[in-house]
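To start, the structure under review is shown below, and the notes come after it.
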Amino acid sequence: MFSLDPDFLRTFLAISETGSFGGAGEKVNKTQSTVSAQMKRLEEIVGVPLFEKEGRRNVLTADGLKLLEYAASMVRLNDEAIRAFRPPEVSGRVRLGAIDEYAQAFLPAILRAFNLAHPAVQVEVATGNTGHLLDLLADRQLDAAILSCRAGDTEIEVLRSDRLHWFGSDVGSPHFDDPLPFCAWSSGCSWREMASAALARDGRRSRLVVTTSNAALITLTVRDGLGVAVAPAWFVSPGLRILEEMDARYPLGVAEIGIKRAAGAENPVRELFLSYAKAQLGSPALAA
């Protein structure tokens, strides 16, 4: 009993469209030698020549034209059967923005899980401060961004809330210095604004050691004992500690993380990716 392989038939259809084995190979992602081998086997199965040369082109013989209609129907039915039992692979592109500290803490796990489930989707990530990412959203250079929530912005979907803490190095006590050496997030950051307000309420003097939106630089500067900074508990890595005495004297507020989408038409691929982001980000609410 002979059978016609749908993969051979798909290659056969590609040759009929392109007129060459090389062109067909590009269309079905096969080498020219593989295309030739498949067509040789296909001719052995049907028992008649399917192609003849016409200049540099490979054109169908009368028997090839006869097979053409069967091949198109069989490939179509094969694809319909597969789709009936397996959903189509999602493909496309998502352009995501994220504040640097959120990207460092949460994105690796989100990207790893999403890529395993949807390898055909291309995810592009841009980091920066909130103001920069909002500008990119407004210019339609991003599909969505993971941001610190701002009062009055009703277009941000809040995913989690975390208490802010003062933190310093495991070694050294720069928080006793006067003025207080402060490793600050970039201007416009709500974390920085809450820290500055807390110090001002108590009349505590401070000096800036570094100002940056780079999470790694904040971590290294504080770990080296050069100053203190503020962040949620999830940001505090080995070599750092929460300064409970600072928290008690200069209490900070709550930081909210959310997702803001670019305006415009619905984007199913974006929403699929954001469902993974929500699952990762939305777990603890008001963490200690």
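By order of appearance in the structure tokens: chains A, B, ..., then residues from 1 within every chain, and ligands from 1 in the order shown.
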Legend entry - Long-range neighbours of Asp143 (chain A) as a ChimeraX atom specification, 8 Å cut-off, only C-alpha atoms, 4 positions minimum in chain: /A:94-96,137,261-262,270
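Per DSSP on the backbone, alpha helix (DSSP H) in region 139-243 of chain A comprises Ser190, Trp191, Arg192, Glu193, Met194, Ala195, Ser196, Ala197, Ala198, Leu199, Ala200, Arg201, Asp202, Ala215, Ala216, Leu217, Ile218, Thr219, Leu220, Thr221, Val222 and Arg223 of chain A.
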Legend entry - strand (DSSP E or B) call set, DSSP backbone run, region 123-263 of chain A, as a ChimeraX atom specification: /A:123-128,144-148,156-169,180-185,206-212,228-232,240-242,254-261
Given only C-alpha atoms, how would the per-residue table for region 85-133 of chain A near region 144-159 of chain A read, listing every residue at most 8 Å away with its closest atom pair and distance in Å to one decimal, sorted by chain and number, as a Markdown table?
```
| residue | atom | partner | partner_atom | distance |
| --- | --- | --- | --- | --- |
| A:Arg95 | CA | A:Ala144 | CA | 6.9 |
| A:Leu96 | CA | A:Ala144 | CA | 5.3 |
| A:Gly97 | CA | A:Ala145 | CA | 4.2 |
| A:Ala98 | CA | A:Ile146 | CA | 4.6 |
| A:Ile99 | CA | A:Leu147 | CA | 6.0 |
| A:Tyr102 | CA | A:Ile146 | CA | 7.5 |
| A:Thr130 | CA | A:Leu147 | CA | 6.1 |
| A:Leu133 | CA | A:Ala145 | CA | 6.9 |
```
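Restricting the calculation to only C-alpha atoms, the smallest distance between Gln104 (chain A) and any of A:Val125, A:Ala62, A:Ala200, A:Leu274 is found for A:Val125.
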Contacts of Ser73 (chain A) at 12 Å (only C-alpha atoms; same-chain gap of 6+ positions) as a PDB file with N, CA and C atoms, in the first residue's frame:
```pdb
ATOM      1  N   PRO A   6       2.125  14.214   3.174  1.00  0.00           N
ATOM      2  CA  PRO A   6       1.740  15.623   3.013  1.00  0.00           C
ATOM      3  C   PRO A   6       2.938  16.562   2.920  1.00  0.00           C
ATOM      4  N   LEU A   9       3.995  16.535  -0.604  1.00  0.00           N
ATOM      5  CA  LEU A   9       3.017  17.259  -1.411  1.00  0.00           C
ATOM      6  C   LEU A   9       3.149  18.771  -1.218  1.00  0.00           C
ATOM      7  N   ARG A  10       3.485  19.196  -0.010  1.00  0.00           N
ATOM      8  CA  ARG A  10       3.673  20.624   0.245  1.00  0.00           C
ATOM      9  C   ARG A  10       4.872  21.145  -0.565  1.00  0.00           C
ATOM     10  N   LEU A  13       3.826  21.398  -4.228  1.00  0.00           N
ATOM     11  CA  LEU A  13       3.046  22.607  -4.480  1.00  0.00           C
ATOM     12  C   LEU A  13       3.958  23.839  -4.548  1.00  0.00           C
ATOM     13  N   LEU A  67      -1.830  15.606 -10.620  1.00  0.00           N
ATOM     14  CA  LEU A  67      -1.588  15.439  -9.188  1.00  0.00           C
ATOM     15  C   LEU A  67      -1.825  16.738  -8.422  1.00  0.00           C
ATOM     16  N   ASP A  79      -3.923  20.143   7.061  1.00  0.00           N
ATOM     17  CA  ASP A  79      -3.787  21.314   7.920  1.00  0.00           C
ATOM     18  C   ASP A  79      -5.051  21.553   8.739  1.00  0.00           C
ATOM     19  N   GLU A  80      -6.216  21.332   8.133  1.00  0.00           N
ATOM     20  CA  GLU A  80      -7.468  21.503   8.857  1.00  0.00           C
ATOM     21  C   GLU A  80      -7.578  20.500   9.992  1.00  0.00           C
TER      22      GLU A  80
END
```
Legend entry - Residue with smallest distance to Cys183 (chain A) - pool A:Val171, A:Val209, A:Lys40, A:Arg163, counting only C-alpha atoms: A:Val209
